[in-house]
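K.L.:
Just target05.txt, nothing more (compact mmCIF, C-alpha atoms (C1' of nucleotides)):
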```
# COMPACT_ATOMS: atom_id res chain seq x y z
CA MET A 1 -15.78 18.77 -81.59
CA PHE A 2 -14.89 15.44 -83.18
CA TYR A 3 -16.22 11.91 -83.12
CA THR A 4 -14.29 8.66 -83.57
CA VAL A 5 -15.75 6.03 -85.86
CA GLY A 6 -17.31 4.27 -82.88
CA GLU A 7 -18.95 7.42 -81.55
CA ALA A 8 -20.18 8.44 -84.99
CA ALA A 9 -21.56 4.95 -85.55
CA LYS A 10 -23.41 5.06 -82.24
CA ARG A 11 -24.87 8.45 -83.05
CA LEU A 12 -26.10 7.16 -86.42
CA GLY A 13 -27.28 3.82 -85.13
CA VAL A 14 -25.04 1.72 -87.36
CA ALA A 15 -22.04 -0.56 -86.76
CA PRO A 16 -18.56 0.97 -86.84
CA SER A 17 -17.61 -1.63 -89.46
CA THR A 18 -20.35 -0.22 -91.68
CA LEU A 19 -18.82 3.27 -91.61
CA ARG A 20 -15.36 1.84 -92.27
CA TYR A 21 -16.80 -0.11 -95.18
CA TYR A 22 -18.49 2.99 -96.62
CA ASP A 23 -15.24 4.89 -96.27
CA LYS A 24 -13.34 2.13 -98.05
CA GLU A 25 -15.91 2.21 -100.85
CA GLY A 26 -15.37 5.94 -101.26
CA LEU A 27 -18.67 7.16 -99.85
CA LEU A 28 -17.04 9.31 -97.20
CA PRO A 29 -14.37 11.39 -98.97
CA PHE A 30 -15.08 14.24 -96.54
CA VAL A 31 -13.92 12.43 -93.40
CA GLU A 32 -10.52 13.59 -92.17
CA ARG A 33 -7.88 11.78 -90.14
CA THR A 34 -5.48 12.47 -87.28
CA ASP A 35 -1.76 12.22 -88.02
CA GLY A 36 -1.97 8.72 -86.63
CA GLY A 37 -4.63 7.77 -89.17
CA ILE A 38 -7.68 7.80 -86.86
CA ARG A 39 -10.89 9.02 -88.54
CA MET A 40 -12.30 12.25 -87.12
CA PHE A 41 -15.97 12.87 -87.92
CA LYS A 42 -16.85 16.58 -87.77
CA GLN A 43 -20.28 17.97 -87.03
CA SER A 44 -20.68 18.88 -90.70
CA ASP A 45 -19.91 15.33 -91.81
CA PHE A 46 -23.19 14.16 -90.34
CA GLU A 47 -25.13 16.04 -92.99
CA GLY A 48 -23.43 13.93 -95.65
CA LEU A 49 -24.01 10.82 -93.58
CA ARG A 50 -27.69 11.60 -93.19
CA LEU A 51 -28.06 12.07 -96.92
CA ILE A 52 -26.37 8.72 -97.47
CA GLU A 53 -28.81 7.22 -94.99
CA CYS A 54 -31.71 8.77 -96.90
CA LEU A 55 -30.50 7.49 -100.27
CA LYS A 56 -29.81 4.06 -98.87
CA LYS A 57 -33.20 3.78 -97.17
CA THR A 58 -34.90 4.67 -100.43
CA GLY A 59 -33.08 1.83 -102.14
CA MET A 60 -30.21 3.52 -103.94
CA PRO A 61 -27.28 1.11 -104.39
CA LEU A 62 -23.99 2.11 -102.75
CA LYS A 63 -22.25 2.54 -106.08
CA ASP A 64 -24.81 5.17 -107.11
CA ILE A 65 -24.43 6.89 -103.74
CA LYS A 66 -20.68 6.90 -104.35
CA ARG A 67 -21.34 8.46 -107.75
CA PHE A 68 -23.31 11.21 -106.02
CA MET A 69 -20.52 11.81 -103.51
CA ASP A 70 -17.99 11.94 -106.32
CA LEU A 71 -20.15 14.58 -108.00
CA CYS A 72 -20.19 16.57 -104.76
CA SER A 73 -16.39 16.51 -104.73
CA LEU A 74 -16.34 17.93 -108.26
CA GLY A 75 -17.91 21.17 -107.04
CA ASP A 76 -20.26 23.54 -108.82
CA GLU A 77 -19.62 21.91 -112.23
CA SER A 78 -21.79 18.99 -111.19
CA ILE A 79 -24.82 20.77 -109.75
CA SER A 80 -27.11 19.83 -112.66
CA GLU A 81 -26.16 16.19 -112.54
CA ARG A 82 -26.66 16.06 -108.79
CA LEU A 83 -30.09 17.63 -109.25
CA GLU A 84 -30.94 15.00 -111.85
CA MET A 85 -29.94 12.20 -109.49
CA ILE A 86 -32.03 13.68 -106.71
CA ASP A 87 -35.02 14.07 -109.02
CA ARG A 88 -34.76 10.53 -110.31
CA GLN A 89 -34.63 9.26 -106.73
CA ARG A 90 -37.69 11.34 -105.83
CA GLU A 91 -39.59 9.71 -108.69
CA ARG A 92 -38.53 6.29 -107.51
CA VAL A 93 -39.68 7.01 -103.98
CA LEU A 94 -43.09 8.19 -105.23
CA GLY A 95 -43.36 4.91 -107.12
CA GLN A 96 -42.32 2.91 -104.07
CA ILE A 97 -44.96 4.59 -101.94
CA GLU A 98 -47.61 3.84 -104.57
CA GLN A 99 -46.58 0.22 -104.74
CA LEU A 100 -46.58 -0.16 -100.97
CA LYS A 101 -50.08 1.29 -100.85
CA GLU A 102 -51.27 -1.23 -103.42
CA ASN A 103 -49.72 -4.08 -101.48
CA LEU A 104 -51.20 -2.71 -98.28
CA GLN A 105 -54.63 -3.09 -99.85
CA ILE A 106 -53.92 -6.74 -100.53
CA LEU A 107 -52.86 -7.19 -96.91
CA ASP A 108 -56.04 -5.39 -95.82
CA TYR A 109 -58.04 -7.84 -97.89
CA LYS A 110 -56.18 -10.76 -96.36
CA HIS A 111 -56.76 -9.33 -92.90
CA TRP A 112 -60.49 -9.30 -93.57
CA TYR A 113 -60.28 -12.76 -95.12
CA TYR A 114 -58.67 -14.30 -92.03
CA GLU A 115 -60.75 -12.31 -89.55
CA THR A 116 -63.83 -13.69 -91.25
CA ALA A 117 -62.42 -17.21 -91.39
CA LYS A 118 -61.40 -16.99 -87.72
CA SER A 119 -64.94 -16.01 -86.67
CA ALA A 120 -66.39 -18.85 -88.70
CA GLY A 121 -63.76 -21.30 -87.52
CA THR A 122 -62.91 -22.28 -91.09
CA CYS A 123 -61.66 -20.81 -94.35
CA ALA A 124 -64.48 -22.74 -96.02
CA VAL A 125 -66.80 -19.88 -95.06
CA HIS A 126 -65.47 -17.95 -98.03
CA ALA A 127 -67.07 -20.41 -100.42
CA THR A 128 -70.44 -19.32 -99.04
CA LEU A 129 -69.80 -15.62 -99.57
CA THR A 130 -70.55 -13.58 -102.64
CA LYS A 131 -68.92 -10.48 -104.04
CA GLU A 132 -71.38 -8.34 -102.07
CA ASP A 133 -70.16 -9.80 -98.79
CA ILE A 134 -66.70 -8.42 -99.44
CA PRO A 135 -66.34 -4.90 -98.03
CA GLN A 136 -66.52 -2.40 -100.86
CA GLU A 137 -63.02 -1.02 -100.37
CA LEU A 138 -61.42 -4.47 -100.49
CA ARG A 139 -62.95 -5.65 -103.77
CA SER A 140 -60.26 -4.34 -106.06
CA ALA A 141 -57.55 -5.98 -103.97
CA ARG A 142 -59.51 -9.21 -104.20
CA GLU A 143 -59.65 -8.93 -107.97
CA CYS A 144 -55.93 -8.28 -108.05
CA LEU A 145 -55.31 -11.49 -106.12
CA GLU A 146 -57.67 -13.37 -108.42
CA GLY A 147 -55.29 -12.32 -111.14
CA LYS A 148 -57.69 -10.67 -113.47
CA GLU A 149 -55.44 -9.23 -116.11
CA ALA A 150 -55.66 -5.46 -116.29
CA ARG A 151 -57.83 -5.37 -119.34
CA ARG A 152 -56.89 -2.91 -121.97
CA VAL A 153 -59.96 -1.73 -123.83
CA VAL A 154 -58.88 -1.01 -127.38
CA ARG A 155 -61.45 0.54 -129.67
CA GLN A 156 -60.70 0.88 -133.36
CA MET B 1 -56.04 -24.81 -118.26
CA PHE B 2 -52.41 -25.24 -117.16
CA TYR B 3 -49.21 -23.27 -117.44
CA THR B 4 -45.66 -24.57 -117.60
CA VAL B 5 -43.03 -22.90 -115.44
CA GLY B 6 -41.98 -20.73 -118.38
CA GLU B 7 -45.52 -19.57 -119.12
CA ALA B 8 -46.29 -18.91 -115.46
CA ALA B 9 -43.05 -16.97 -115.12
CA LYS B 10 -43.91 -14.84 -118.14
CA ARG B 11 -47.37 -14.15 -116.77
CA LEU B 12 -45.88 -13.05 -113.45
CA GLY B 13 -42.99 -11.15 -114.95
CA VAL B 14 -40.26 -13.16 -113.25
CA ALA B 15 -37.57 -15.58 -114.46
CA PRO B 16 -38.46 -19.28 -114.65
CA SER B 17 -35.41 -19.99 -112.47
CA THR B 18 -36.99 -17.84 -109.78
CA LEU B 19 -40.13 -19.97 -109.68
CA ARG B 20 -38.04 -23.16 -109.62
CA TYR B 21 -36.02 -21.69 -106.76
CA TYR B 22 -39.15 -20.77 -104.80
CA ASP B 23 -40.48 -24.26 -105.36
CA LYS B 24 -37.23 -25.81 -104.15
CA GLU B 25 -37.40 -23.61 -101.04
CA GLY B 26 -40.89 -24.87 -100.30
CA LEU B 27 -42.86 -21.73 -101.13
CA LEU B 28 -45.01 -23.45 -103.74
CA PRO B 29 -46.32 -26.63 -102.11
CA PHE B 30 -49.53 -26.22 -104.10
CA VAL B 31 -47.98 -26.67 -107.54
CA GLU B 32 -48.69 -30.08 -109.06
CA ARG B 33 -46.72 -32.11 -111.60
CA THR B 34 -47.34 -34.27 -114.64
CA ASP B 35 -46.35 -37.94 -114.44
CA GLY B 36 -43.16 -36.92 -116.18
CA GLY B 37 -42.35 -34.43 -113.42
CA ILE B 38 -43.22 -31.21 -115.28
CA ARG B 39 -44.75 -28.48 -113.08
CA MET B 40 -48.34 -27.55 -113.95
CA PHE B 41 -49.48 -24.18 -112.63
CA LYS B 42 -53.26 -24.01 -112.26
CA GLN B 43 -55.33 -20.83 -112.41
CA SER B 44 -55.83 -21.01 -108.64
CA ASP B 45 -52.08 -21.20 -108.05
CA PHE B 46 -51.72 -17.64 -109.20
CA GLU B 47 -53.52 -16.35 -106.14
CA GLY B 48 -50.83 -17.89 -103.98
CA LEU B 49 -48.15 -16.54 -106.26
CA ARG B 50 -49.61 -13.05 -106.09
CA LEU B 51 -49.67 -13.16 -102.32
CA ILE B 52 -46.03 -14.26 -102.35
CA GLU B 53 -45.28 -11.33 -104.65
CA CYS B 54 -47.07 -8.98 -102.23
CA LEU B 55 -45.18 -10.27 -99.20
CA LYS B 56 -41.89 -10.17 -101.04
CA LYS B 57 -42.42 -6.63 -102.33
CA THR B 58 -43.17 -5.49 -98.80
CA GLY B 59 -39.86 -6.90 -97.64
CA MET B 60 -40.78 -10.22 -96.05
CA PRO B 61 -37.86 -12.67 -96.22
CA LEU B 62 -38.46 -15.89 -98.15
CA LYS B 63 -38.14 -18.03 -95.03
CA ASP B 64 -41.04 -16.13 -93.43
CA ILE B 65 -43.07 -16.48 -96.61
CA LYS B 66 -42.35 -20.20 -96.48
CA ARG B 67 -43.58 -20.20 -92.89
CA PHE B 68 -46.82 -18.61 -94.05
CA MET B 69 -47.23 -21.17 -96.83
CA ASP B 70 -46.57 -23.97 -94.36
CA LEU B 71 -49.32 -22.53 -92.14
CA CYS B 72 -51.68 -22.54 -95.13
CA SER B 73 -50.96 -26.22 -95.65
CA LEU B 74 -51.89 -26.92 -92.02
CA GLY B 75 -55.48 -25.87 -92.68
CA ASP B 76 -57.98 -24.19 -90.38
CA GLU B 77 -55.84 -24.87 -87.28
CA SER B 78 -53.48 -22.10 -88.36
CA ILE B 79 -55.95 -19.31 -89.20
CA SER B 80 -55.07 -17.22 -86.13
CA GLU B 81 -51.36 -17.44 -86.74
CA ARG B 82 -51.80 -16.52 -90.39
CA LEU B 83 -53.87 -13.53 -89.34
CA GLU B 84 -51.12 -12.48 -86.95
CA MET B 85 -48.51 -12.69 -89.69
CA ILE B 86 -50.67 -10.61 -92.02
CA ASP B 87 -51.29 -8.02 -89.31
CA ARG B 88 -47.60 -7.75 -88.46
CA GLN B 89 -46.80 -7.27 -92.12
CA ARG B 90 -49.47 -4.57 -92.41
CA GLU B 91 -47.85 -2.72 -89.52
CA ARG B 92 -44.47 -2.98 -91.18
CA VAL B 93 -45.84 -1.61 -94.43
CA LEU B 94 -47.41 1.36 -92.66
CA GLY B 95 -44.02 2.03 -91.11
CA GLN B 96 -42.27 1.72 -94.46
CA ILE B 97 -44.64 4.21 -96.04
CA GLU B 98 -44.02 6.65 -93.19
CA GLN B 99 -40.28 6.28 -93.55
CA LEU B 100 -40.41 6.77 -97.30
CA LYS B 101 -42.45 9.93 -96.82
CA GLU B 102 -39.86 11.29 -94.40
CA ASN B 103 -37.06 10.51 -96.80
CA LEU B 104 -39.06 12.05 -99.62
CA GLN B 105 -39.07 15.30 -97.67
CA ILE B 106 -35.31 15.21 -97.49
CA LEU B 107 -35.15 14.65 -101.24
CA ASP B 108 -37.61 17.53 -101.71
CA TYR B 109 -35.31 19.72 -99.68
CA LYS B 110 -32.29 18.61 -101.74
CA HIS B 111 -34.26 19.28 -104.92
CA TRP B 112 -34.86 22.85 -103.79
CA TYR B 113 -31.24 23.14 -102.66
CA TYR B 114 -29.85 22.17 -106.06
CA GLU B 115 -32.48 24.10 -108.05
CA THR B 116 -31.44 27.20 -106.12
CA ALA B 117 -27.74 26.46 -106.54
CA LYS B 118 -28.26 25.81 -110.25
CA SER B 119 -29.96 29.18 -110.75
CA ALA B 120 -27.17 30.92 -108.87
CA GLY B 121 -24.47 28.92 -110.62
CA THR B 122 -22.91 27.92 -107.32
CA CYS B 123 -23.72 26.08 -104.10
CA ALA B 124 -22.12 29.02 -102.30
CA VAL B 125 -25.42 30.86 -102.64
CA HIS B 126 -26.69 28.87 -99.69
CA ALA B 127 -24.24 30.64 -97.37
CA THR B 128 -26.09 33.86 -98.22
CA LEU B 129 -29.52 32.47 -97.36
CA THR B 130 -31.25 32.51 -94.01
CA LYS B 131 -33.83 30.16 -92.51
CA GLU B 132 -36.56 32.39 -93.92
CA ASP B 133 -35.36 31.82 -97.47
CA ILE B 134 -36.03 28.11 -97.12
CA PRO B 135 -39.58 27.25 -98.20
CA GLN B 136 -41.69 26.66 -95.10
CA GLU B 137 -42.51 23.04 -95.87
CA LEU B 138 -38.83 22.13 -96.32
CA ARG B 139 -37.53 23.48 -93.05
CA SER B 140 -38.09 20.37 -90.98
CA ALA B 141 -36.26 18.25 -93.55
CA ARG B 142 -33.40 20.72 -93.41
CA GLU B 143 -33.23 20.41 -89.66
CA CYS B 144 -33.21 16.65 -89.97
CA LEU B 145 -30.21 16.85 -92.30
CA GLU B 146 -28.48 19.25 -89.93
CA GLY B 147 -28.75 16.44 -87.44
CA LYS B 148 -30.37 18.29 -84.61
CA GLU B 149 -30.98 15.60 -82.07
CA ALA B 150 -34.65 15.16 -81.26
CA ARG B 151 -34.42 17.03 -77.98
CA ARG B 152 -36.20 15.58 -75.03
CA VAL B 153 -37.20 18.33 -72.63
CA VAL B 154 -37.01 16.87 -69.15
CA ARG B 155 -38.19 19.11 -66.37
CA GLN B 156 -37.69 18.11 -62.74
C1' DT C 1 -40.00 -41.86 -135.15
C1' DA C 2 -36.80 -38.23 -134.94
C1' DT C 3 -36.09 -33.58 -133.82
C1' DT C 4 -36.26 -29.81 -130.93
C1' DG C 5 -37.37 -26.52 -127.54
C1' DA C 6 -38.69 -26.43 -122.95
C1' DC C 7 -38.57 -28.91 -119.14
C1' DT C 8 -35.90 -31.41 -114.93
C1' DT C 9 -32.21 -31.42 -110.94
C1' DA C 10 -27.93 -30.60 -108.44
C1' DA C 11 -24.37 -27.87 -107.83
C1' DA C 12 -21.71 -24.04 -108.45
C1' DG C 13 -21.48 -19.06 -109.30
C1' DT C 14 -22.97 -14.14 -108.54
C1' DT C 15 -24.01 -9.81 -106.20
C1' DA C 16 -24.70 -6.48 -102.63
C1' DA C 17 -23.83 -5.11 -98.33
C1' DC C 18 -21.96 -5.99 -94.68
C1' DT C 19 -19.33 -8.54 -90.62
C1' DT C 20 -15.60 -10.96 -88.72
C1' DT C 21 -10.91 -12.05 -88.00
C1' DA C 22 -6.12 -11.32 -87.39
C1' DA C 23 -2.35 -8.68 -86.72
C1' DG C 24 -0.86 -4.52 -85.59
C1' DT C 25 -1.16 0.86 -84.04
C1' DT C 26 -2.89 4.91 -81.46
C1' DG C 27 -3.86 7.69 -77.74
C1' DT C 28 -5.68 8.41 -73.14
C1' DA C 29 -5.92 7.33 -68.04
C1' DG C 30 -3.49 5.90 -64.09
C1' DC D 1 5.83 4.83 -68.77
C1' DT D 2 2.57 1.23 -69.06
C1' DA D 3 -1.82 -0.71 -69.87
C1' DC D 4 -5.68 -1.04 -72.38
C1' DA D 5 -9.66 0.10 -74.98
C1' DA D 6 -10.51 1.55 -79.37
C1' DC D 7 -8.56 2.44 -83.41
C1' DT D 8 -6.21 0.74 -88.14
C1' DT D 9 -6.05 -2.44 -92.61
C1' DA D 10 -6.45 -6.50 -95.53
C1' DA D 11 -8.56 -10.42 -96.29
C1' DA D 12 -11.78 -13.80 -95.58
C1' DG D 13 -16.51 -15.06 -94.25
C1' DT D 14 -21.67 -14.44 -94.27
C1' DT D 15 -26.40 -14.05 -95.97
C1' DA D 16 -30.22 -13.61 -99.07
C1' DA D 17 -31.94 -14.24 -103.27
C1' DC D 18 -31.22 -15.48 -107.23
C1' DT D 19 -28.79 -17.12 -111.80
C1' DT D 20 -26.03 -20.11 -114.46
C1' DT D 21 -24.26 -24.41 -115.88
C1' DA D 22 -24.22 -29.17 -116.98
C1' DA D 23 -26.23 -33.26 -117.91
C1' DG D 24 -30.09 -35.27 -118.84
C1' DT D 25 -35.65 -35.95 -119.74
C1' DC D 26 -40.23 -34.76 -121.65
C1' DA D 27 -43.62 -33.96 -125.07
C1' DA D 28 -45.36 -31.59 -129.12
C1' DT D 29 -44.56 -31.24 -134.17
C1' DA D 30 -42.71 -32.63 -138.94
```
Any chance you could give the structure as structure tokens?
P.N.:
Amino acid sequence: MFYTVGEAAKRLGVAPSTLRYYDKEGLLPFVERTDGGIRMFKQSDFEGLRLIECLKKTGMPLKDIKRFMDLCSLGDESISERLEMIDRQRERVLGQIEQLKENLQILDYKHWYYETAKSAGTCAVHATLTKEDIPQELRSARECLEGKEARRVVRQ
Amino acid sequence: MFYTVGEAAKRLGVAPSTLRYYDKEGLLPFVERTDGGIRMFKQSDFEGLRLIECLKKTGMPLKDIKRFMDLCSLGDESISERLEMIDRQRERVLGQIEQLKENLQILDYKHWYYETAKSAGTCAVHATLTKEDIPQELRSARECLEGKEARRVVRQ
DNA sequence: TATTGACTTAAAGTTAACTTTAAGTTGTAG
DNA sequence: CTACAACTTAAAGTTAACTTTAAGTCAATA
């Protein structure tokens, strides 16, 4: 069972032009053609496409994804290097999640800030509040916004 | 105590040209100038800059950040709308974290895949493995890669 | 007061990742 | 066999977010 570029694109939720572009950039060396030159996406091609999707959604640039695909074409010689690329990407994703969680805390603080201001009818209410009025779990985000430098305690 | 654009940029870990660009785009309406036209970043400006950083790192486009800054300039009238923007961004971040976690599972599966192939010296080893050989927690990621459509069971 | 490094702006250049356009080809349905 | 929708490529266009360049100004130090 085969898919044309349009059908494959629909199944993946991307534009056909995107798949053609990826192919042109060398990300899809596994896609075969009819004698007439029409791309035929096989069932097994979607595994590669889903990995590309995964790498792209975790921020890997297309040229690095191409590098990975090139390694795949090299066969068993390149297993270690592919593993290294995967591991580096895993580390990056862990870092991204951490950073998003930190930024989420700032947004949580801002949510509280504007909820409070909305109730009071004015942002000026925050001048009347003390540290203790800030919900416990939002205080560190508040300090981050205040721009307290992460202090490094150095003892000699 | 004031900072020039270069000092502020260093403190924030960005290029001075970036801050000038943000200013030109209207993201920094709060930054004042000397008579000679030199930007003077005050301590309190850094709170705005850190919020911009937060919104940017969570994927908000600059034009939306500008919109938020414009709302801030409007004063208490715009509290509700600012709250809505913050809440929408929080939702987006929660979604981003979820998506990263899903993609992390795929990378975890690929890590196992290549670790196993590396030990065996060939990717062909995976043809000899059954579902049961795949670590429990990696099976759903594997199925995702295989591209099983999320099946909707419709009973009449 | 002269030097000098950091500042200013406007405008052009860069990069990634597509998307669109134009001109032509393929392959299926009637 | 013809029509027509969907395919093909190459090349140009788009967008966001900067960065670089060029020409000039500011302000702290010798």
K.L.:
I'd like the interatomic distance between CA of Thr130 (chain A) and CA of Arg142 (chain A), to a tenth of an Å.
P.N.:
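Computing the Euclidean distance for CA of Thr130 (chain A) and CA of Arg142 (chain A) yields 12.0 Å.
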K.L.:
Got a sec to align chain B on chain A by every in-order Cα pair and hand back the fitted coordinates as a compact mmCIF listing (two decimals) with C-alpha atoms, keeping the file's coordinate frame?
P.N.:
```
# COMPACT_ATOMS: atom_id res chain seq x y z
CA MET B 1 -15.69 18.67 -81.52
CA PHE B 2 -14.79 15.34 -83.15
CA TYR B 3 -16.12 11.82 -83.10
CA THR B 4 -14.22 8.58 -83.56
CA VAL B 5 -15.68 5.95 -85.87
CA GLY B 6 -17.24 4.18 -82.89
CA GLU B 7 -18.88 7.33 -81.55
CA ALA B 8 -20.14 8.38 -84.98
CA ALA B 9 -21.52 4.89 -85.55
CA LYS B 10 -23.35 4.99 -82.23
CA ARG B 11 -24.80 8.39 -83.03
CA LEU B 12 -26.05 7.11 -86.39
CA GLY B 13 -27.21 3.76 -85.10
CA VAL B 14 -25.00 1.67 -87.36
CA ALA B 15 -22.02 -0.64 -86.80
CA PRO B 16 -18.53 0.90 -86.88
CA SER B 17 -17.60 -1.69 -89.52
CA THR B 18 -20.32 -0.24 -91.73
CA LEU B 19 -18.79 3.23 -91.63
CA ARG B 20 -15.32 1.79 -92.31
CA TYR B 21 -16.78 -0.12 -95.25
CA TYR B 22 -18.48 2.98 -96.65
CA ASP B 23 -15.22 4.87 -96.29
CA LYS B 24 -13.31 2.13 -98.09
CA GLU B 25 -15.89 2.24 -100.90
CA GLY B 26 -15.36 5.96 -101.28
CA LEU B 27 -18.65 7.20 -99.86
CA LEU B 28 -17.00 9.32 -97.18
CA PRO B 29 -14.34 11.38 -98.95
CA PHE B 30 -15.03 14.21 -96.51
CA VAL B 31 -13.88 12.39 -93.38
CA GLU B 32 -10.47 13.54 -92.15
CA ARG B 33 -7.82 11.71 -90.13
CA THR B 34 -5.42 12.37 -87.29
CA ASP B 35 -1.70 12.12 -88.01
CA GLY B 36 -1.92 8.61 -86.62
CA GLY B 37 -4.57 7.67 -89.19
CA ILE B 38 -7.62 7.71 -86.89
CA ARG B 39 -10.84 8.94 -88.56
CA MET B 40 -12.25 12.17 -87.11
CA PHE B 41 -15.91 12.80 -87.90
CA LYS B 42 -16.77 16.50 -87.73
CA GLN B 43 -20.21 17.91 -86.96
CA SER B 44 -20.61 18.86 -90.62
CA ASP B 45 -19.86 15.31 -91.73
CA PHE B 46 -23.12 14.16 -90.27
CA GLU B 47 -25.09 16.02 -92.90
CA GLY B 48 -23.40 13.93 -95.56
CA LEU B 49 -23.97 10.80 -93.53
CA ARG B 50 -27.65 11.59 -93.13
CA LEU B 51 -28.04 12.11 -96.84
CA ILE B 52 -26.33 8.76 -97.43
CA GLU B 53 -28.77 7.21 -94.95
CA CYS B 54 -31.69 8.80 -96.84
CA LEU B 55 -30.49 7.54 -100.22
CA LYS B 56 -29.79 4.10 -98.85
CA LYS B 57 -33.17 3.81 -97.12
CA THR B 58 -34.87 4.73 -100.38
CA GLY B 59 -33.07 1.90 -102.12
CA MET B 60 -30.19 3.60 -103.92
CA PRO B 61 -27.28 1.19 -104.41
CA LEU B 62 -23.99 2.16 -102.77
CA LYS B 63 -22.25 2.61 -106.12
CA ASP B 64 -24.81 5.26 -107.09
CA ILE B 65 -24.40 6.94 -103.72
CA LYS B 66 -20.66 6.95 -104.35
CA ARG B 67 -21.34 8.57 -107.72
CA PHE B 68 -23.30 11.30 -105.96
CA MET B 69 -20.51 11.86 -103.44
CA ASP B 70 -17.98 12.02 -106.26
CA LEU B 71 -20.15 14.69 -107.92
CA CYS B 72 -20.16 16.65 -104.65
CA SER B 73 -16.38 16.58 -104.63
CA LEU B 74 -16.32 18.03 -108.16
CA GLY B 75 -17.88 21.26 -106.91
CA ASP B 76 -20.25 23.65 -108.65
CA GLU B 77 -19.62 22.04 -112.07
CA SER B 78 -21.78 19.10 -111.03
CA ILE B 79 -24.82 20.89 -109.57
CA SER B 80 -27.11 19.99 -112.49
CA GLU B 81 -26.18 16.34 -112.42
CA ARG B 82 -26.67 16.18 -108.66
CA LEU B 83 -30.09 17.76 -109.09
CA GLU B 84 -30.95 15.16 -111.71
CA MET B 85 -29.94 12.34 -109.39
CA ILE B 86 -32.04 13.79 -106.58
CA ASP B 87 -35.03 14.22 -108.89
CA ARG B 88 -34.77 10.66 -110.20
CA GLN B 89 -34.62 9.37 -106.65
CA ARG B 90 -37.68 11.44 -105.71
CA GLU B 91 -39.58 9.84 -108.58
CA ARG B 92 -38.53 6.41 -107.44
CA VAL B 93 -39.68 7.11 -103.90
CA LEU B 94 -43.08 8.29 -105.11
CA GLY B 95 -43.36 5.04 -107.03
CA GLN B 96 -42.32 3.00 -104.00
CA ILE B 97 -44.95 4.67 -101.86
CA GLU B 98 -47.60 3.93 -104.49
CA GLN B 99 -46.54 0.31 -104.68
CA LEU B 100 -46.56 -0.08 -100.92
CA LYS B 101 -50.06 1.37 -100.78
CA GLU B 102 -51.25 -1.13 -103.37
CA ASN B 103 -49.70 -3.99 -101.47
CA LEU B 104 -51.18 -2.66 -98.25
CA GLN B 105 -54.61 -3.03 -99.82
CA ILE B 106 -53.90 -6.66 -100.52
CA LEU B 107 -52.84 -7.14 -96.91
CA ASP B 108 -56.01 -5.34 -95.81
CA TYR B 109 -58.02 -7.76 -97.89
CA LYS B 110 -56.15 -10.73 -96.39
CA HIS B 111 -56.73 -9.30 -92.91
CA TRP B 112 -60.46 -9.25 -93.56
CA TYR B 113 -60.27 -12.71 -95.14
CA TYR B 114 -58.64 -14.27 -92.08
CA GLU B 115 -60.72 -12.30 -89.56
CA THR B 116 -63.82 -13.67 -91.27
CA ALA B 117 -62.40 -17.19 -91.44
CA LYS B 118 -61.38 -16.99 -87.79
CA SER B 119 -64.90 -16.02 -86.70
CA ALA B 120 -66.36 -18.85 -88.75
CA GLY B 121 -63.71 -21.31 -87.60
CA THR B 122 -62.90 -22.27 -91.17
CA CYS B 123 -61.66 -20.76 -94.43
CA ALA B 124 -64.49 -22.67 -96.11
CA VAL B 125 -66.81 -19.83 -95.13
CA HIS B 126 -65.47 -17.88 -98.07
CA ALA B 127 -67.07 -20.34 -100.50
CA THR B 128 -70.43 -19.23 -99.07
CA LEU B 129 -69.77 -15.53 -99.60
CA THR B 130 -70.54 -13.46 -102.65
CA LYS B 131 -68.89 -10.33 -104.03
CA GLU B 132 -71.35 -8.25 -102.03
CA ASP B 133 -70.13 -9.72 -98.76
CA ILE B 134 -66.67 -8.33 -99.41
CA PRO B 135 -66.30 -4.83 -97.95
CA GLN B 136 -66.49 -2.31 -100.78
CA GLU B 137 -62.99 -0.92 -100.30
CA LEU B 138 -61.41 -4.39 -100.46
CA ARG B 139 -62.93 -5.53 -103.71
CA SER B 140 -60.26 -4.17 -106.00
CA ALA B 141 -57.54 -5.85 -103.95
CA ARG B 142 -59.48 -9.09 -104.21
CA GLU B 143 -59.63 -8.77 -107.96
CA CYS B 144 -55.92 -8.12 -108.06
CA LEU B 145 -55.30 -11.35 -106.16
CA GLU B 146 -57.65 -13.21 -108.47
CA GLY B 147 -55.27 -12.14 -111.19
CA LYS B 148 -57.73 -10.58 -113.55
CA GLU B 149 -55.54 -9.19 -116.26
CA ALA B 150 -55.84 -5.43 -116.60
CA ARG B 151 -58.06 -5.63 -119.67
CA ARG B 152 -57.33 -3.28 -122.48
CA VAL B 153 -60.50 -2.55 -124.42
CA VAL B 154 -59.49 -2.06 -128.03
CA ARG B 155 -62.24 -1.01 -130.36
CA GLN B 156 -61.65 -0.89 -134.11
```
K.L.:
Near Lys131 (chain B), counting all atoms listed in the file, which residues have an atom at most 12 Å away, once you skip same-chain residues fewer than 6 positions from it, shown as an MDAnalysis selection string?
P.N.:
chainID B and resid 137:140 142:143
K.L.:
So how far away is CA of Val14 (chain B) from C1' of DT15 (chain C), in Å?
P.N.:
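Going from C1' of DT15 (chain C) over to CA of Val14 (chain B) covers 18.0 Å.
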K.L.:
With all atoms listed in the file counted, which protein, DNA or RNA residues have an atom no more than 12 Å from (-39.5, -22.6, -109.5) in the file frame? Please answer as number ranges by chain.
P.N.:
B: 4-9, 14-32, 38-41, 49; C: 7-9; D: 18
K.L.:
Find the distance between CA of Ala117 (chain B) and CA of Asp76 (chain A) and write it in Å to one decimal.
P.N.:
8.3 Å
K.L.:
DG5 (chain C): which residues within 12 Å, counting all atoms listed in the file, same-chain residues fewer than 2 positions away excluded, as a list in words?
P.N.:
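The residues satisfying every condition are Gly6 of chain B; DT3 and DC7 of chain C; DC26, DA27, DA28 and DT29 of chain D.
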